[in-house]
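Visitor: Compact mmCIF, C-alpha atoms, file model.txt:
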# COMPACT_ATOMS: atom_id res chain seq x y z
CA MET A 1 75.46 32.98 -130.83
CA ASP A 2 78.92 31.39 -131.12
CA TYR A 3 79.56 27.71 -130.41
CA LYS A 4 81.22 28.22 -127.02
CA LYS A 5 78.25 30.21 -125.68
CA LYS A 6 75.98 27.35 -126.73
CA ILE A 7 78.19 24.96 -124.72
CA TYR A 8 77.83 27.18 -121.65
CA ILE A 9 74.04 27.19 -122.03
CA LEU A 10 74.04 23.43 -122.52
CA LEU A 11 76.18 23.03 -119.41
CA ALA A 12 73.70 25.11 -117.40
CA VAL A 13 70.89 22.84 -118.63
CA GLY A 14 72.88 19.78 -117.54
CA ILE A 15 73.46 21.19 -114.05
CA PHE A 16 69.75 21.97 -113.75
CA PHE A 17 68.81 18.36 -114.58
CA LEU A 18 71.38 17.09 -112.08
CA SER A 19 69.86 19.39 -109.47
CA LEU A 20 66.47 17.71 -109.85
CA SER A 21 67.80 14.46 -108.43
CA GLY A 22 67.48 15.41 -104.75
CA ILE A 23 63.98 16.83 -105.27
CA LEU A 24 62.73 13.71 -107.06
CA ILE A 25 64.21 11.44 -104.39
CA LYS A 26 62.59 13.50 -101.63
CA ILE A 27 59.09 13.21 -103.09
CA ALA A 28 59.39 9.47 -103.76
CA THR A 29 57.59 7.34 -101.19
CA ALA A 30 59.23 4.03 -102.09
CA PRO A 31 62.06 2.62 -99.93
CA PRO A 32 65.50 4.10 -100.78
CA LEU A 33 66.77 0.74 -102.06
CA ILE A 34 63.85 0.46 -104.47
CA THR A 35 64.40 4.02 -105.72
CA ALA A 36 68.11 3.33 -106.26
CA PHE A 37 67.40 0.04 -108.06
CA TYR A 38 64.86 1.43 -110.50
CA ARG A 39 66.97 4.49 -111.23
CA MET A 40 69.83 2.23 -112.39
CA PHE A 41 67.65 -0.48 -113.93
CA LEU A 42 65.68 1.94 -116.10
CA THR A 43 68.88 3.74 -117.10
CA VAL A 44 70.40 0.45 -118.29
CA LEU A 45 67.16 -0.46 -120.07
CA LEU A 46 67.17 2.85 -121.97
CA LEU A 47 70.86 2.57 -122.90
CA SER A 48 70.79 -1.10 -123.96
CA PRO A 49 69.66 -0.67 -127.62
CA TYR A 50 72.49 1.77 -128.36
CA PHE A 51 75.08 -0.32 -126.50
CA PHE A 52 74.24 -3.54 -128.35
CA PHE A 53 74.04 -1.71 -131.68
CA LYS A 54 77.34 0.20 -131.38
CA HIS A 55 79.46 -1.46 -128.68
CA ARG A 56 78.79 -5.21 -128.72
CA SER A 57 82.53 -5.83 -128.96
CA LYS A 58 82.93 -4.38 -125.45
CA LEU A 59 80.87 -7.13 -123.84
CA ARG A 60 84.09 -8.89 -122.83
CA TYR A 61 84.72 -6.16 -120.25
CA PHE A 62 81.78 -7.51 -118.26
CA LEU A 63 84.19 -10.30 -117.26
CA ASP A 64 86.76 -7.86 -115.87
CA TYR A 65 86.64 -7.88 -112.07
CA ARG A 66 87.20 -4.12 -111.78
CA PRO A 67 83.83 -3.01 -113.23
CA ILE A 68 82.21 -5.46 -110.81
CA VAL A 69 83.94 -3.80 -107.85
CA VAL A 70 83.22 -0.31 -109.17
CA GLY A 71 79.57 -1.19 -109.82
CA PHE A 72 79.24 -2.41 -106.24
CA LEU A 73 80.70 0.86 -104.91
CA LEU A 74 78.33 2.87 -107.10
CA ALA A 75 75.37 0.83 -105.81
CA VAL A 76 76.38 1.55 -102.19
CA HIS A 77 76.82 5.24 -103.05
CA PHE A 78 73.24 5.45 -104.33
CA ILE A 79 71.79 3.59 -101.33
CA LEU A 80 73.61 5.85 -98.85
CA TRP A 81 72.78 9.10 -100.62
CA ILE A 82 69.11 8.32 -101.26
CA SER A 83 68.77 7.13 -97.65
CA SER A 84 70.39 10.33 -96.36
CA ILE A 85 67.60 12.44 -97.87
CA GLN A 86 65.12 10.51 -95.73
CA TYR A 87 66.90 11.69 -92.55
CA THR A 88 68.28 15.16 -93.23
CA ASP A 89 67.44 18.27 -95.24
CA ILE A 90 67.97 18.09 -99.00
CA SER A 91 70.34 21.06 -98.71
CA ASN A 92 72.56 19.24 -96.20
CA SER A 93 72.53 16.04 -98.21
CA VAL A 94 73.55 17.60 -101.54
CA ILE A 95 76.24 19.74 -99.89
CA PHE A 96 77.85 16.80 -98.11
CA VAL A 97 77.71 14.48 -101.11
CA ALA A 98 79.34 17.25 -103.17
CA MET A 99 82.51 16.68 -101.12
CA GLN A 100 83.38 13.76 -103.41
CA PRO A 101 86.24 15.65 -105.17
CA LEU A 102 87.96 16.18 -101.80
CA PHE A 103 87.85 12.46 -101.03
CA THR A 104 89.24 11.77 -104.52
CA ILE A 105 92.21 14.05 -103.83
CA ILE A 106 92.85 12.28 -100.51
CA LEU A 107 92.64 8.83 -102.16
CA GLU A 108 95.08 9.94 -104.85
CA TYR A 109 97.46 11.11 -102.11
CA LEU A 110 97.16 7.90 -100.08
CA PHE A 111 97.18 5.29 -102.86
CA ALA A 112 98.47 6.92 -106.07
CA ARG A 113 101.37 8.80 -104.44
CA GLU A 114 100.21 12.12 -105.80
CA ASP A 115 101.34 15.15 -103.81
CA LEU A 116 98.86 16.96 -101.58
CA LYS A 117 99.57 20.59 -102.45
CA GLU A 118 98.91 23.65 -100.31
CA GLY A 119 95.79 24.72 -102.22
CA ALA A 120 94.22 21.28 -101.84
CA VAL A 121 95.02 21.21 -98.10
CA ILE A 122 93.40 24.62 -97.59
CA GLY A 123 90.32 23.46 -99.51
CA ILE A 124 90.01 20.32 -97.37
CA ILE A 125 90.36 22.37 -94.16
CA MET A 126 87.66 24.78 -95.39
CA ALA A 127 85.35 21.85 -96.08
CA LEU A 128 85.98 20.42 -92.61
CA ILE A 129 85.14 23.79 -91.04
CA GLY A 130 81.95 23.97 -93.11
CA SER A 131 80.97 20.43 -92.10
CA SER A 132 81.46 21.35 -88.44
CA ILE A 133 79.27 24.46 -88.81
CA ILE A 134 76.42 22.45 -90.36
CA SER A 135 76.77 19.67 -87.79
CA ILE A 136 76.63 22.16 -84.91
CA GLY A 137 73.42 23.55 -86.39
CA ASP A 138 71.95 20.02 -86.49
CA PHE A 139 73.21 18.96 -83.07
CA TYR A 140 69.83 19.45 -81.44
CA GLN A 141 68.53 16.63 -83.67
CA LEU A 142 71.39 14.26 -82.85
CA GLY A 143 69.69 11.02 -83.82
CA ASP A 144 68.10 12.36 -86.98
CA LYS A 145 69.82 14.94 -89.14
CA LEU A 146 73.36 14.16 -88.01
CA PHE A 147 72.79 10.56 -89.08
CA GLY A 148 71.54 11.78 -92.47
CA ASN A 149 74.58 14.06 -92.80
CA PHE A 150 76.83 11.09 -92.03
CA LEU A 151 75.10 8.98 -94.70
CA ALA A 152 75.58 11.73 -97.31
CA LEU A 153 79.24 12.09 -96.35
CA SER A 154 79.68 8.32 -96.63
CA ALA A 155 77.99 8.45 -100.04
CA ALA A 156 80.60 11.02 -101.15
CA LEU A 157 83.39 8.67 -99.99
CA PHE A 158 81.95 5.76 -102.00
CA ALA A 159 81.50 8.02 -105.05
CA SER A 160 85.16 9.04 -104.92
CA SER A 161 86.15 5.38 -104.42
CA TYR A 162 84.33 4.16 -107.52
CA LEU A 163 85.80 7.01 -109.58
CA PHE A 164 89.30 6.34 -108.25
CA ILE A 165 89.23 2.56 -108.74
CA GLY A 166 87.56 2.86 -112.13
CA ARG A 167 90.35 4.98 -113.63
CA GLY A 168 92.20 1.94 -114.98
CA VAL A 169 89.14 0.62 -116.81
CA ARG A 170 88.27 4.06 -118.21
CA LYS A 171 91.64 4.19 -119.95
CA LYS A 172 90.74 1.06 -121.94
CA LEU A 173 87.10 1.85 -122.65
CA ASP A 174 85.21 4.71 -124.24
CA TYR A 175 83.03 6.60 -121.80
CA PHE A 176 79.68 5.19 -122.96
CA PRO A 177 80.47 1.44 -122.76
CA TYR A 178 82.25 2.02 -119.45
CA LEU A 179 79.17 3.72 -117.98
CA TYR A 180 76.85 1.06 -119.38
CA ILE A 181 78.83 -1.78 -117.79
CA LEU A 182 79.14 0.17 -114.54
CA TYR A 183 75.41 0.94 -114.40
CA SER A 184 74.57 -2.68 -115.25
CA TYR A 185 76.55 -4.04 -112.32
CA ALA A 186 75.16 -1.34 -110.00
CA ALA A 187 71.61 -2.34 -111.02
CA LEU A 188 72.48 -6.01 -110.46
CA PHE A 189 73.82 -5.41 -106.95
CA LEU A 190 70.88 -3.18 -106.07
CA GLY A 191 68.50 -5.86 -107.35
CA ILE A 192 70.26 -8.44 -105.16
CA GLY A 193 69.83 -6.03 -102.25
CA VAL A 194 66.10 -5.73 -102.92
CA TYR A 195 65.80 -9.53 -102.92
CA PHE A 196 68.03 -9.94 -99.85
CA PHE A 197 65.99 -7.47 -97.78
CA ASP A 198 62.77 -9.12 -98.94
CA LEU A 199 61.36 -6.02 -100.62
CA SER A 200 58.81 -6.23 -103.39
CA PHE A 201 59.79 -5.12 -106.90
CA SER A 202 56.23 -3.96 -107.59
CA GLY A 203 53.28 -2.24 -105.98
CA TYR A 204 54.69 1.27 -105.43
CA GLY A 205 52.11 3.21 -107.43
CA LEU A 206 52.26 5.10 -110.72
CA ASN A 207 53.71 8.28 -109.15
CA ASN A 208 56.77 6.44 -107.84
CA TYR A 209 57.42 4.70 -111.15
CA LEU A 210 57.21 8.04 -112.95
CA ILE A 211 59.74 9.44 -110.44
CA PHE A 212 62.05 6.46 -111.10
CA LEU A 213 61.82 7.11 -114.85
CA ALA A 214 62.44 10.84 -114.33
CA LEU A 215 65.57 10.04 -112.27
CA ALA A 216 66.86 7.79 -115.03
CA VAL A 217 66.16 10.21 -117.87
CA GLY A 218 66.86 13.59 -116.23
CA PRO A 219 69.81 13.56 -113.80
CA THR A 220 71.37 10.29 -115.00
CA LEU A 221 71.09 10.34 -118.79
CA ILE A 222 70.67 14.02 -119.68
CA GLY A 223 72.62 15.60 -116.80
CA HIS A 224 75.68 13.36 -116.82
CA SER A 225 75.76 13.14 -120.64
CA ILE A 226 75.86 16.93 -120.96
CA LEU A 227 78.64 17.21 -118.37
CA ASN A 228 80.80 14.69 -120.20
CA PHE A 229 80.10 16.44 -123.50
CA ALA A 230 80.95 19.88 -122.08
CA VAL A 231 84.25 18.78 -120.55
CA ARG A 232 85.55 18.10 -124.08
CA TYR A 233 85.18 21.78 -125.00
CA LEU A 234 85.56 23.66 -121.71
CA SER A 235 88.34 23.64 -119.12
CA THR A 236 88.05 21.23 -116.21
CA SER A 237 88.06 24.14 -113.74
CA ILE A 238 84.98 25.69 -115.41
CA VAL A 239 83.10 22.39 -115.33
CA SER A 240 84.18 21.86 -111.70
CA LEU A 241 82.82 25.30 -110.80
CA SER A 242 79.55 24.63 -112.62
CA ILE A 243 79.01 21.34 -110.77
CA LEU A 244 79.10 23.28 -107.50
CA GLY A 245 75.92 24.96 -108.72
CA GLU A 246 74.05 21.68 -108.24
CA PRO A 247 73.67 21.88 -104.42
CA ILE A 248 72.79 25.58 -104.69
CA ILE A 249 70.05 25.00 -107.26
CA THR A 250 68.76 21.92 -105.42
CA THR A 251 68.56 23.88 -102.15
CA PHE A 252 66.67 26.68 -103.89
CA LEU A 253 64.25 24.22 -105.51
CA ALA A 254 63.68 22.47 -102.17
CA TRP A 255 62.79 25.82 -100.62
CA LEU A 256 60.61 26.86 -103.57
CA LEU A 257 58.80 23.59 -104.30
CA LEU A 258 58.87 21.70 -101.00
CA ASN A 259 58.87 24.65 -98.58
CA GLU A 260 62.03 23.30 -96.93
CA ALA A 261 63.61 25.91 -94.67
CA VAL A 262 67.33 26.62 -95.00
CA ARG A 263 69.12 27.45 -91.73
CA LEU A 264 71.94 29.98 -91.45
CA THR A 265 74.34 27.23 -90.35
CA THR A 266 73.65 25.40 -93.61
CA ILE A 267 74.25 28.57 -95.64
CA PHE A 268 77.53 29.48 -93.91
CA GLY A 269 78.75 25.90 -93.63
CA GLY A 270 77.78 25.19 -97.22
CA ALA A 271 79.68 28.26 -98.41
CA PHE A 272 82.83 26.98 -96.67
CA ILE A 273 82.39 23.49 -98.13
CA LEU A 274 81.67 24.59 -101.70
CA GLY A 275 84.50 27.14 -101.57
CA GLY A 276 86.86 24.47 -100.28
CA ILE A 277 85.81 21.99 -102.96
CA TYR A 278 86.32 24.55 -105.70
CA LEU A 279 89.70 25.66 -104.38
CA ALA A 280 90.97 22.11 -103.94
CA SER A 281 89.61 20.85 -107.27
CA VAL A 282 90.84 23.75 -109.38
CA TYR A 283 94.25 23.79 -107.70
CA ASN A 284 94.57 20.02 -108.10
CA ASN A 285 93.63 20.18 -111.81
CA HIS A 286 96.10 23.03 -112.30
CA GLN A 287 98.91 21.00 -110.73
CA LYS A 288 98.09 17.97 -112.89
CA ARG A 289 98.19 20.08 -116.08
CA LYS A 290 101.47 21.60 -114.95
CA GLN A 291 103.00 18.16 -114.28
CA SER A 292 101.79 16.78 -117.63
CA LYS A 293 103.38 19.74 -119.44
CA LEU A 294 106.68 19.12 -117.66
CA LYS A 295 106.60 15.44 -118.63
CA SER A 296 105.84 16.23 -122.28
CA SER A 297 108.55 18.90 -122.56
In C-alpha cells, what does this structure look like?
Guide:
Amino acid sequence: MDYKKKIYILLAVGIFFLSLSGILIKIATAPPLITAFYRMFLTVLLLSPYFFFKHRSKLRYFLDYRPIVVGFLLAVHFILWISSIQYTDISNSVIFVAMQPLFTIILEYLFAREDLKEGAVIGIIMALIGSSIISIGDFYQLGDKLFGNFLALSAALFASSYLFIGRGVRKKLDYFPYLYILYSYAALFLGIGVYFFDLSFSGYGLNNYLIFLALAVGPTLIGHSILNFAVRYLSTSIVSLSILGEPIITTFLAWLLLNEAVRLTTIFGGAFILGGIYLASVYNNHQKRKQSKLKSS
C-alpha cells in the first residue's frame, strides 16, 4: 500500500473518532457544562507533559490577549453544542454545527474584506434552505427541538469566530502550542462557569468520568490530530469533504446504537446543508489558491 493510501485510511479513522463525540455526549448524564469542562481539562492534562518538555519557550503567549479571547469563544462553543444535544436529535445537532465553514466565509467577507464569490453564495443559500427544511420538520416541537437546533447553530457561529480571530496567533505559533494554550484557556473559562453556576466538580459516577476521558482522547486528541496531520499531505478540498462525513457517521451511529429515528426532513435538509457547505468551502479554497498564485507570479 502506497503512502497516500495510508493517509486516506488514517483520515477515515480520524473522522470516525470525531463522529463519536455526539454519541458520547448524548449518553453522558452530567450537566453539559461539566461535560465540556472535563473534556477540555483532561485534554490539557494529557497534553501538558509534551508541551512543557518541547514548547516551554511558548509560555509567553499565555500573556497574549488573543488566546484568552479565542479560548473564551471555544468554551462557549462547547457549552452551546453539548447543550444542544440535550434538546434536539443528535443528527440535527451535528448537521447544524457543521455549518461552521459557512460562518467563517461570512466573517471573512464582513471583517477581512474577502470577496464573497458566486459558489460560496450558492452554498450558503443551499444551507439556508436545508436549515428551513429541518426546522419545518421540528416545528411541532417548537419549544424543544427548535431550541436545540438554535443552540447548535449558535455553536457553529462561535466555532467560526474562534477560528477567525485566532488566525493571527496561529501565524506566530506552531499548531500544537497554539492548541494547548487555547484548550487551557477554554478549560479555565469552563471551570469558572462551573464555579459560577454552583455546580459540583465531583460526584458524577465512574461512567461519566470514563465518557469525559473518552471525549478527550478520541474526538479531541486522536480525531483533530489526524485531521491536522492529513491536511499536510492531502488537498484542503479533500479534507473538507471528509469532514462532512462526521455528521453522516454520527447520525448512523445514533440510529444504530441509540435507536434514534431519523426523519425525512432531517435527511433532505441535511443533504442541502452538507452540499452547501462542501460547495462553499471547496469554491472558497479554490479562490484563495488562485489569488495566492496571482500574488506570487
Visitor: For each of A:Ala271, A:Leu10, A:Leu221, A:Leu59, take the minimum atom-to-atom distance to Leu47 in chain A, counting only C-alpha atoms, then give the residue where this is smallest.
Guide: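 Of A:Ala271, A:Leu10, A:Leu221, A:Leu59, the one nearest Leu47 in chain A, counting only C-alpha atoms, is A:Leu221.
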Visitor: Residues at most 12 Å from range 109-124 of chain A, counting all atoms listed in the file, excluding those fewer than 6 positions away in the same chain, as a ChimeraX atom specification?
Guide: /A:99-103,130-131,161,164-165,167-168,271-288,291
Visitor: What's the separation between CA of Leu80 in chain A and CA of Gly148 in chain A, in Å to one decimal place?
Guide: 9.0 Å
Visitor: For the atom pair CA of Ser48 in chain A and CA of Ile15 in chain A, what is the interatomic distance in Å to one decimal place?
Guide: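 We find that CA of Ser48 in chain A and CA of Ile15 in chain A lie 24.5 Å from each other.
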Visitor: If you measure from CA of Arg60 in chain A to CA of Ala186 in chain A, what distance in Å do you get, rounded to one decimal?
Guide: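 So the answer is 17.4 Å.
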Visitor: Excluding Val217 in chain A and residues on its chain fewer than 6 positions from it, collect all residues at most 12 Å away from it, counting all atoms listed in the file, and give them as a compact mmCIF listing (two decimals) with C-alpha atoms, in the frame of the given file.
Guide:
# COMPACT_ATOMS: atom_id res chain seq x y z
CA GLY A 14 72.88 19.78 -117.54
CA PHE A 17 68.81 18.36 -114.58
CA LEU A 18 71.38 17.09 -112.08
CA LEU A 20 66.47 17.71 -109.85
CA SER A 21 67.80 14.46 -108.43
CA LEU A 24 62.73 13.71 -107.06
CA TYR A 38 64.86 1.43 -110.50
CA ARG A 39 66.97 4.49 -111.23
CA MET A 40 69.83 2.23 -112.39
CA PHE A 41 67.65 -0.48 -113.93
CA LEU A 42 65.68 1.94 -116.10
CA THR A 43 68.88 3.74 -117.10
CA VAL A 44 70.40 0.45 -118.29
CA LEU A 45 67.16 -0.46 -120.07
CA LEU A 46 67.17 2.85 -121.97
CA LEU A 47 70.86 2.57 -122.90
CA LEU A 210 57.21 8.04 -112.95
CA ILE A 211 59.74 9.44 -110.44
CA GLY A 223 72.62 15.60 -116.80
CA HIS A 224 75.68 13.36 -116.82
CA SER A 225 75.76 13.14 -120.64
Visitor: So which one's closest to Pro247 in chain A, A:Ala156, A:Ile79, A:Val97, A:Ile68? Using only C-alpha atoms, please.
Guide: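 Once distances to Pro247 in chain A are computed over only C-alpha atoms, the minimum belongs to A:Val97.
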Visitor: Closest to Leu173 in chain A among A:Phe197, A:Tyr233, A:Phe62, A:Phe147, using only C-alpha atoms?
Guide: A:Phe62
Visitor: Using all atoms listed in the file, which residue out of A:Ala75, A:Ile125, A:Ile226, A:Leu107 lies closest to Ala187 in chain A?
Guide: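 Among A:Ala75, A:Ile125, A:Ile226, A:Leu107, it is A:Ala75 that comes nearest to Ala187 in chain A.
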Visitor: Counting all atoms listed in the file, write as a VMD selection string all protein and nucleic acid residues lying at most 10 Å from (81.8, -8.4, -111.5) in the file's frame.
Guide: chain A and resid 61 to 72 181 to 182 184 to 186 188 to 189
